[in-house]
Amino acid sequence: MKHPRALAYVAFLVVCIVWGTTYLAIRIAIETIPPLLLTGARYTAAGIIMLAIAKFRGERIPRDRRTLANLLLIGTLMVAVGNLAVVMAEQWVPSGMTALLVATAPFWATLIERLHAGGERIDRRSGIGMFIGFAGVALLVTPQGSAGHLDLKFMGGALLLQFGSIGWQWGTARGKYSIRGVPFVTSIALQMLFGGLVVDTVGFAIGEGSRFVLTPRTLGALVYLALFGSVLAYSAYVYAVGHLPSTQMTLYAYINPLVAVVLGWLILDERLTWVSIAAMCVILGGVAVVQTAALRGRRVARTAELAMAEQKTAA
């Protein structure tokens, strides 16, 4: 495709579908692979592959410390905080429910965007949408909503997922606003490689190496996560973020949970209750309210800009 925006929508579609399947793959992989080394191995391998692609394309690795420090921070936020939180949580939270709890990402994206200089403000409608969404989260973590899985570990996993969502969205925003002049593939490669190495270091330091075991089933899940979940979908995500508005980009939070819930139910026999289905509808309803508020805000701002331009022309 010659048009970057059209390619961005294709990348967005890849993110919506592929990342919905990774919750299932993570749930399978952690059967024998410890969470930190699963995350670290996945992103280290993906980073090396992407770095090789970048070298083949003739891209140059940045040398200045400030750029490298930014890439390290972004990789740490998105991999060592955001993705690791998902892997850790899936030890106690079913894969489909993990995806539902991560569906609050647009709320955190809106809050972080508001903190950025010149970011969109949070209006009453956005606030109501966030309240609705978090009410859905509260409903989901009840015993009826969690299909009998409610315990302290489940609650801890739910909280960990919110912390991870904040880290992921913060890293996304920082990457969008602070990385300039770094070739696209190189930027992705270094983010994944730095984040993966950070998690690997911690994983080996706490002794996960002795518990790292591969079976054909978990190896297949790890390879899928590295190639499709990271090389393909992470690259698509970073590309789409650079060409689509932040609030529009987070629409993937609608589709990922639906894919994850269906796959968890079909393949892992994860239970669904009417309360959990209702909670999913409430969460996604809150996301819809936040998204429509953001779209309305951009239309109003655009109309105001056009009106000012017309006034200047008339003057």
# chains A, B, ... in the order shown; residues from 1 in each chain; ligands from 1
call {"tool": "residues_around", "arguments": {"residues": "A:Gly195", "least_positions_apart": "2", "cutoff": "10 Å", "atoms": "only C-alpha atoms", "output": "PyMOL selection string"}}
result
chain A and resi 39-40+43-44+47+71-81+83-84+189-193+197-200
call {"tool": "select_by_dssp", "arguments": {"residues": "stretch 84-302 of chain A", "states": "helix (DSSP H, G or I)", "output": "number ranges by chain"}}
result
A: 84-89, 95-102, 105-115, 124-140, 152-178, 184-205, 208-211, 216-243, 246-249, 252-267, 274-302
call {"tool": "atom_distance", "arguments": {"atom1": "atom CA of A:Met280", "atom2": "atom CA of A:Met155"}}
result
17.0 Å
call {"tool": "residues_around", "arguments": {"residues": "A:Ala279", "least_positions_apart": "2", "cutoff": "6 Å", "atoms": "only C-alpha atoms", "output": "number ranges by chain"}}
result
A: 136, 139-140, 276-277, 281-282
call {"tool": "residues_around", "arguments": {"residues": "A:Leu13", "least_positions_apart": "2", "cutoff": "12 Å", "atoms": "only C-alpha atoms", "output": "ChimeraX atom specification"}}
result
/A:6-11,15-20,232-233,236-237,239-240,249-256
call {"tool": "atom_distance", "arguments": {"atom1": "atom CA of A:Leu160", "atom2": "atom CA of A:Leu244"}}
result
27.8 Å
call {"tool": "closest_residue", "arguments": {"among": "A:Gly164, A:Pro94, A:Gly58, A:Gly286", "to": "A:Tyr23", "atoms": "only C-alpha atoms"}}
result
A:Pro94
call {"tool": "closest_residue", "arguments": {"among": "A:Ala41, A:Val86, A:Ile49, A:Ala99", "to": "A:Leu284", "atoms": "only C-alpha atoms"}}
result
A:Ala99
call {"tool": "residues_around", "arguments": {"residues": "stretch 219-231 of chain A", "least_positions_apart": "5", "cutoff": "6 Å", "atoms": "only C-alpha atoms", "output": "list in words"}}
result
Ala25, Ala29, Arg42, Ala46 and Leu214 of chain A
call {"tool": "residues_around", "arguments": {"residues": "A:Gly175", "least_positions_apart": "4", "cutoff": "9 Å", "atoms": "only C-alpha atoms", "output": "JSON, numbers by chain"}}
result
{"A": [70, 71, 74, 170, 171, 179, 180, 238, 241, 242]}
call {"tool": "write_last_selection", "arguments": {"atoms": "C-alpha atoms", "output": "short mmCIF file (atom, residue, chain, number, x, y, z; two decimals), in the first residue's frame"}}
result
data_model
loop_
_atom_site.label_atom_id
_atom_site.label_comp_id
_atom_site.auth_asym_id
_atom_site.auth_seq_id
_atom_site.Cartn_x
_atom_site.Cartn_y
_atom_site.Cartn_z
CA ASN A 70 14.13 6.57 25.80
CA LEU A 71 13.97 3.28 23.91
CA ILE A 74 9.65 2.49 26.50
CA TRP A 170 2.50 5.25 29.29
CA GLY A 171 5.09 3.53 27.11
CA ILE A 179 11.06 9.11 19.64
CA ARG A 180 12.09 11.03 16.56
CA VAL A 238 3.78 0.61 16.90
CA VAL A 241 0.13 4.21 16.88
CA GLY A 242 2.34 6.47 14.78
#
call {"tool": "residues_around", "arguments": {"residues": "A:Gly285", "least_positions_apart": "6", "cutoff": "9 Å", "atoms": "only C-alpha atoms", "output": "number ranges by chain"}}
result
A: 129, 132-133, 136
call {"tool": "write_last_selection", "arguments": {"atoms": "C-alpha atoms", "output": "PDB file, in the first residue's frame"}}
result
ATOM      1  CA  GLY A 129     -17.679   6.113  30.494  1.00  0.00           C
ATOM      2  CA  ILE A 132     -19.233   2.533  33.780  1.00  0.00           C
ATOM      3  CA  GLY A 133     -16.186   0.562  32.654  1.00  0.00           C
ATOM      4  CA  GLY A 136     -17.976  -3.624  34.921  1.00  0.00           C
TER       5      GLY A 136
END
call {"tool": "closest_residue", "arguments": {"among": "A:Val275, A:Val87, A:Met130, A:Ala135", "to": "A:Phe107", "atoms": "only C-alpha atoms"}}
result
A:Met130
call {"tool": "atom_distance", "arguments": {"atom1": "atom CA of A:Gln91", "atom2": "atom CA of A:Leu111"}}
result
28.3 Å
